[in-house]
Structure formats: C-alpha cells, structure tokens
Amino acid sequence: MSIRNPDQRVGVFVDVQNLYYSARNIYGARIKFNEILNAAVAGRKLIRAIAYVVEAKMPEEENFFEALEKAGFEVKRKELQTFAGGHQKGDWDVGIAMDIVKLMNKLDVVVLCSGDGDYVPLLEYMQMSGQFTETLAFGKSCSAKVKELTDHFIDLDENPKKFLMPIRKN
C-alpha cells in the first residue's frame, strides 16, 4: 500500500490505447480521463501528466485529443503504421518507458496507467532503482506480473462508475 504524501512529486504516464480498449471490451464504455488523472495525482504535486495516443485519422479523434489536453494532459501522438498486407500497429510501449526512465529522477512516484505486460521489464528496472511506482489499470485485464511488481496497484474495476461513461450511440 502506498503512503501518499502531499509533498510527493508525481509523474503520470497514460497508455491511452490500453485503457481505452480495456474499458470498451470489459464494460462497453469510455474512460473519464480527468478522473484517471485525479486518482493518479491524489492530491500530490503533479510534475508531468502525459497521455500517449495513436492517431488513426478518425474524424472524432481531434476532439478527444483536445479533451485530454483540457483534462490536464500533455498529449504525445504517434501515427498508426500500416504494413504491407494491411497489418496495423501503433503502440507507445518503448516511448512511455523511455520518458519514465528520463523523468524518474525528478519524481517521487511514477504512476503508470496501463495493465500491459510489456511494461514488466520497466517495472523491474524501476524496482531495482528504488523508484516508487503505482499502476492504475483495470484489474480484470491487467498483467498479473504488473500487479505484482508495482508498489501500489489502483484497480479501476473497484469503482467503474467513477472512471467510466457510456459510449454514446449516434
């Protein structure tokens, strides 16, 4: 369990695709990213809040990116890659890991918002370095190893109404 202190310097790193698809697949809902940020910061000193998004050139995504900025996030974008044969890929795993490694000396707490098992080596590195970590994700879709390695796990499944809103039908 974390000992939350208002003087702690916090960095929040959100794997938007991971949370978005978890919310959609588990609950058929959308994430309230402002509530994610509030839960991650928890009254402490926010140093950086970065939301990592993949641009798929969809008409509604610009509004979504603007909403993330209004909620208090710095938005980092990457274009969806399409390979020969039609396979598409767009993830930020290495970019998020590198930003965390670059910023962790300026932070008391690193809050990773993702349940992706690809972050296990990053969490192992931070643990070896003595960096305090919190992970905020849906327990139902979070890697067991991520839960095990983080110092404090915040399970969004414990209060889905707080973090989710229904998907609007057009």
# chains A, B, ... in the order shown; residues from 1 in each chain; ligands from 1

$ residues_around --residues "A:Lys140" --least-positions-apart "4" --cutoff "10 Å" --atoms "only C-alpha atoms" --output "ChimeraX atom specification"
/A:22,26,115,144,155-157

$ residues_around --residues "A:Met126" --least-positions-apart "2" --cutoff "10 Å" --atoms "only C-alpha atoms" --output "PyMOL selection string"
chain A and resi 100-101+104+110+120-124+128-133+149-150

$ write_last_selection --atoms "C-alpha atoms" --output "compact mmCIF listing (two decimals), in the first residue's frame"
# COMPACT_ATOMS: atom_id res chain seq x y z
CA ILE A 100 9.68 7.37 -17.50
CA VAL A 101 13.38 6.49 -17.34
CA MET A 104 12.12 9.29 -12.84
CA VAL A 110 5.81 7.18 -11.19
CA VAL A 120 7.20 -5.71 -16.79
CA PRO A 121 10.90 -5.02 -17.64
CA LEU A 122 10.34 -1.30 -16.95
CA LEU A 123 8.76 -2.04 -13.57
CA GLU A 124 11.61 -4.44 -12.73
CA MET A 128 15.89 -2.19 -8.81
CA SER A 129 16.48 1.57 -8.96
CA GLY A 130 14.41 2.18 -5.83
CA GLN A 131 11.76 4.17 -7.74
CA PHE A 132 8.32 4.07 -6.09
CA THR A 133 5.67 3.02 -8.62
CA LEU A 149 5.85 -5.61 -9.43
CA THR A 150 4.20 -2.26 -8.77

$ select_by_dssp --residues "stretch 88-170 of chain A" --states "helix (DSSP H, G or I)" --output "JSON, numbers by chain"
{"A": [93, 94, 95, 96, 97, 98, 99, 100, 101, 102, 103, 104, 105, 106, 117, 118, 119, 120, 121, 122, 123, 124, 125, 126, 127, 128, 129, 139, 140, 141, 144, 145, 146, 147, 148, 149, 156, 157, 158, 160, 161, 162, 163]}

$ write_last_selection --atoms "N, CA and C atoms" --output "compact mmCIF listing (two decimals), in the first residue's frame"
# COMPACT_ATOMS: atom_id res chain seq x y z
N ASP A 93 4.79 1.63 -26.14
CA ASP A 93 5.47 0.98 -25.03
C ASP A 93 6.90 1.50 -24.81
N VAL A 94 7.70 1.51 -25.86
CA VAL A 94 9.08 1.95 -25.72
C VAL A 94 9.14 3.45 -25.42
N GLY A 95 8.31 4.24 -26.08
CA GLY A 95 8.28 5.69 -25.84
C GLY A 95 7.91 6.03 -24.40
N ILE A 96 6.91 5.34 -23.87
CA ILE A 96 6.50 5.56 -22.48
C ILE A 96 7.63 5.15 -21.55
N ALA A 97 8.20 3.99 -21.79
CA ALA A 97 9.30 3.51 -20.94
C ALA A 97 10.47 4.51 -20.95
N MET A 98 10.83 5.01 -22.12
CA MET A 98 11.95 5.96 -22.20
C MET A 98 11.64 7.26 -21.47
N ASP A 99 10.41 7.77 -21.62
CA ASP A 99 10.04 9.01 -20.91
C ASP A 99 10.11 8.80 -19.40
N ILE A 100 9.64 7.66 -18.94
CA ILE A 100 9.68 7.37 -17.50
C ILE A 100 11.12 7.31 -17.01
N VAL A 101 11.98 6.60 -17.74
CA VAL A 101 13.38 6.49 -17.34
C VAL A 101 14.04 7.88 -17.32
N LYS A 102 13.73 8.71 -18.32
CA LYS A 102 14.32 10.05 -18.37
C LYS A 102 13.83 10.95 -17.23
N LEU A 103 12.58 10.77 -16.81
CA LEU A 103 11.99 11.67 -15.81
C LEU A 103 12.03 11.15 -14.38
N MET A 104 12.30 9.86 -14.17
CA MET A 104 12.12 9.29 -12.84
C MET A 104 12.99 9.92 -11.76
N ASN A 105 14.14 10.49 -12.10
CA ASN A 105 14.97 11.13 -11.08
C ASN A 105 14.36 12.44 -10.57
N LYS A 106 13.38 12.96 -11.28
CA LYS A 106 12.71 14.19 -10.86
C LYS A 106 11.39 13.90 -10.15
N GLY A 117 1.41 -6.13 -20.01
CA GLY A 117 2.55 -6.89 -19.53
C GLY A 117 3.87 -6.51 -20.18
N ASP A 118 3.83 -5.76 -21.29
CA ASP A 118 5.06 -5.30 -21.92
C ASP A 118 5.85 -4.36 -21.00
N TYR A 119 5.21 -3.82 -19.96
CA TYR A 119 5.88 -2.91 -19.04
C TYR A 119 6.60 -3.63 -17.90
N VAL A 120 6.54 -4.95 -17.86
CA VAL A 120 7.20 -5.71 -16.79
C VAL A 120 8.69 -5.37 -16.68
N PRO A 121 9.47 -5.37 -17.78
CA PRO A 121 10.90 -5.02 -17.64
C PRO A 121 11.11 -3.61 -17.09
N LEU A 122 10.26 -2.67 -17.47
CA LEU A 122 10.34 -1.30 -16.95
C LEU A 122 10.10 -1.30 -15.44
N LEU A 123 9.06 -1.99 -15.00
CA LEU A 123 8.76 -2.04 -13.57
C LEU A 123 9.88 -2.73 -12.79
N GLU A 124 10.47 -3.76 -13.37
CA GLU A 124 11.61 -4.44 -12.73
C GLU A 124 12.79 -3.47 -12.59
N TYR A 125 13.05 -2.71 -13.64
CA TYR A 125 14.13 -1.73 -13.61
C TYR A 125 13.88 -0.66 -12.54
N MET A 126 12.65 -0.14 -12.49
CA MET A 126 12.34 0.89 -11.51
C MET A 126 12.45 0.33 -10.09
N GLN A 127 12.01 -0.90 -9.90
CA GLN A 127 12.11 -1.54 -8.58
C GLN A 127 13.59 -1.64 -8.17
N MET A 128 14.45 -2.09 -9.08
CA MET A 128 15.89 -2.19 -8.81
C MET A 128 16.51 -0.83 -8.51
N SER A 129 15.97 0.20 -9.12
CA SER A 129 16.48 1.57 -8.96
C SER A 129 15.94 2.24 -7.70
N GLY A 139 -8.13 -4.24 -13.23
CA GLY A 139 -7.59 -5.49 -12.70
C GLY A 139 -7.93 -6.69 -13.56
N LYS A 140 -9.13 -6.67 -14.15
CA LYS A 140 -9.59 -7.81 -14.97
C LYS A 140 -8.72 -8.02 -16.20
N SER A 141 -8.10 -6.96 -16.70
CA SER A 141 -7.30 -7.10 -17.92
C SER A 141 -5.82 -6.77 -17.69
N ALA A 144 -0.80 -10.02 -14.43
CA ALA A 144 -0.56 -10.38 -13.02
C ALA A 144 0.84 -9.93 -12.59
N LYS A 145 1.80 -10.00 -13.48
CA LYS A 145 3.18 -9.62 -13.15
C LYS A 145 3.27 -8.11 -12.93
N VAL A 146 2.50 -7.32 -13.68
CA VAL A 146 2.47 -5.87 -13.46
C VAL A 146 1.94 -5.59 -12.06
N LYS A 147 0.84 -6.25 -11.69
CA LYS A 147 0.27 -6.06 -10.34
C LYS A 147 1.28 -6.43 -9.26
N GLU A 148 2.01 -7.49 -9.50
CA GLU A 148 2.98 -7.98 -8.52
C GLU A 148 4.17 -7.02 -8.36
N LEU A 149 4.64 -6.44 -9.46
CA LEU A 149 5.85 -5.61 -9.43
C LEU A 149 5.63 -4.18 -8.98
N LEU A 156 -9.13 -0.05 -11.30
CA LEU A 156 -10.29 0.72 -11.80
C LEU A 156 -11.57 -0.10 -11.75
N ASP A 157 -11.44 -1.43 -11.70
CA ASP A 157 -12.63 -2.29 -11.61
C ASP A 157 -13.35 -2.13 -10.26
N GLU A 158 -12.67 -1.60 -9.26
CA GLU A 158 -13.29 -1.45 -7.94
C GLU A 158 -14.33 -0.33 -7.91
N PRO A 160 -15.98 1.25 -11.17
CA PRO A 160 -16.07 1.60 -12.60
C PRO A 160 -16.93 2.83 -12.89
N LYS A 161 -17.96 3.09 -12.10
CA LYS A 161 -18.82 4.26 -12.36
C LYS A 161 -18.04 5.57 -12.26
N LYS A 162 -17.05 5.59 -11.38
CA LYS A 162 -16.24 6.80 -11.21
C LYS A 162 -15.40 7.07 -12.45
N PHE A 163 -14.90 6.02 -13.10
CA PHE A 163 -13.93 6.17 -14.18
C PHE A 163 -14.49 5.97 -15.57

$ closest_residue --among "A:Leu112, A:Glu55, A:Glu66, A:Asn25" --to "A:Thr82" --atoms "only C-alpha atoms"
A:Glu55

$ residues_around --residues "A:Val41" --least-positions-apart "2" --cutoff "10 Å" --atoms "only C-alpha atoms" --output "compact mmCIF listing (two decimals) with N, CA and C atoms, in the first residue's frame"
# COMPACT_ATOMS: atom_id res chain seq x y z
N ARG A 4 0.75 7.90 0.74
CA ARG A 4 0.60 9.09 -0.09
C ARG A 4 0.82 10.33 0.76
N PRO A 6 1.31 14.60 0.49
CA PRO A 6 1.04 15.73 -0.42
C PRO A 6 2.31 16.35 -1.01
N GLN A 8 4.81 14.60 -2.26
CA GLN A 8 5.38 13.73 -3.29
C GLN A 8 5.22 14.35 -4.67
N ARG A 9 6.29 14.26 -5.46
CA ARG A 9 6.27 14.73 -6.85
C ARG A 9 5.86 13.54 -7.72
N VAL A 10 4.80 13.75 -8.49
CA VAL A 10 4.18 12.65 -9.23
C VAL A 10 4.27 12.90 -10.73
N GLY A 11 4.59 11.82 -11.45
CA GLY A 11 4.51 11.82 -12.91
C GLY A 11 3.49 10.77 -13.31
N VAL A 12 2.59 11.14 -14.22
CA VAL A 12 1.52 10.24 -14.66
C VAL A 12 1.72 9.97 -16.15
N GLU A 35 -10.85 11.85 -14.45
CA GLU A 35 -10.91 11.07 -13.20
C GLU A 35 -9.67 10.20 -13.03
N ILE A 36 -9.14 9.71 -14.14
CA ILE A 36 -7.89 8.94 -14.10
C ILE A 36 -6.78 9.83 -13.53
N LEU A 37 -6.68 11.05 -14.05
CA LEU A 37 -5.65 11.97 -13.58
C LEU A 37 -5.84 12.31 -12.11
N ASN A 38 -7.07 12.57 -11.69
CA ASN A 38 -7.34 12.88 -10.28
C ASN A 38 -6.92 11.72 -9.37
N ALA A 39 -7.27 10.50 -9.76
CA ALA A 39 -6.92 9.32 -8.95
C ALA A 39 -5.41 9.10 -8.92
N GLY A 43 -4.01 14.37 -4.88
CA GLY A 43 -3.70 15.50 -4.01
C GLY A 43 -2.21 15.81 -3.86
N ARG A 44 -1.38 15.13 -4.64
CA ARG A 44 0.06 15.36 -4.55
C ARG A 44 0.51 16.37 -5.61
N LYS A 45 1.81 16.64 -5.68
CA LYS A 45 2.35 17.62 -6.63
C LYS A 45 2.56 16.98 -7.99
N LEU A 46 1.77 17.41 -8.96
CA LEU A 46 1.89 16.89 -10.32
C LEU A 46 3.05 17.59 -11.03
N ILE A 47 4.01 16.78 -11.49
CA ILE A 47 5.14 17.32 -12.25
C ILE A 47 4.87 17.20 -13.74
N ALA A 49 2.05 15.05 -16.61
CA ALA A 49 0.99 14.10 -16.94
C ALA A 49 0.98 13.99 -18.45
N VAL A 109 7.15 9.56 -7.27
CA VAL A 109 6.24 8.47 -7.64
C VAL A 109 6.01 8.50 -9.14
N VAL A 111 3.48 7.02 -11.85
CA VAL A 111 2.18 6.36 -11.99
C VAL A 111 2.02 5.94 -13.44

$ residues_around --residues "A:Trp92" --least-positions-apart "5" --cutoff "9 Å" --atoms "only C-alpha atoms" --output "list in words"
Asp15, Gln17, Tyr52, Val53, Val54, Lys78 and Ala97 of chain A
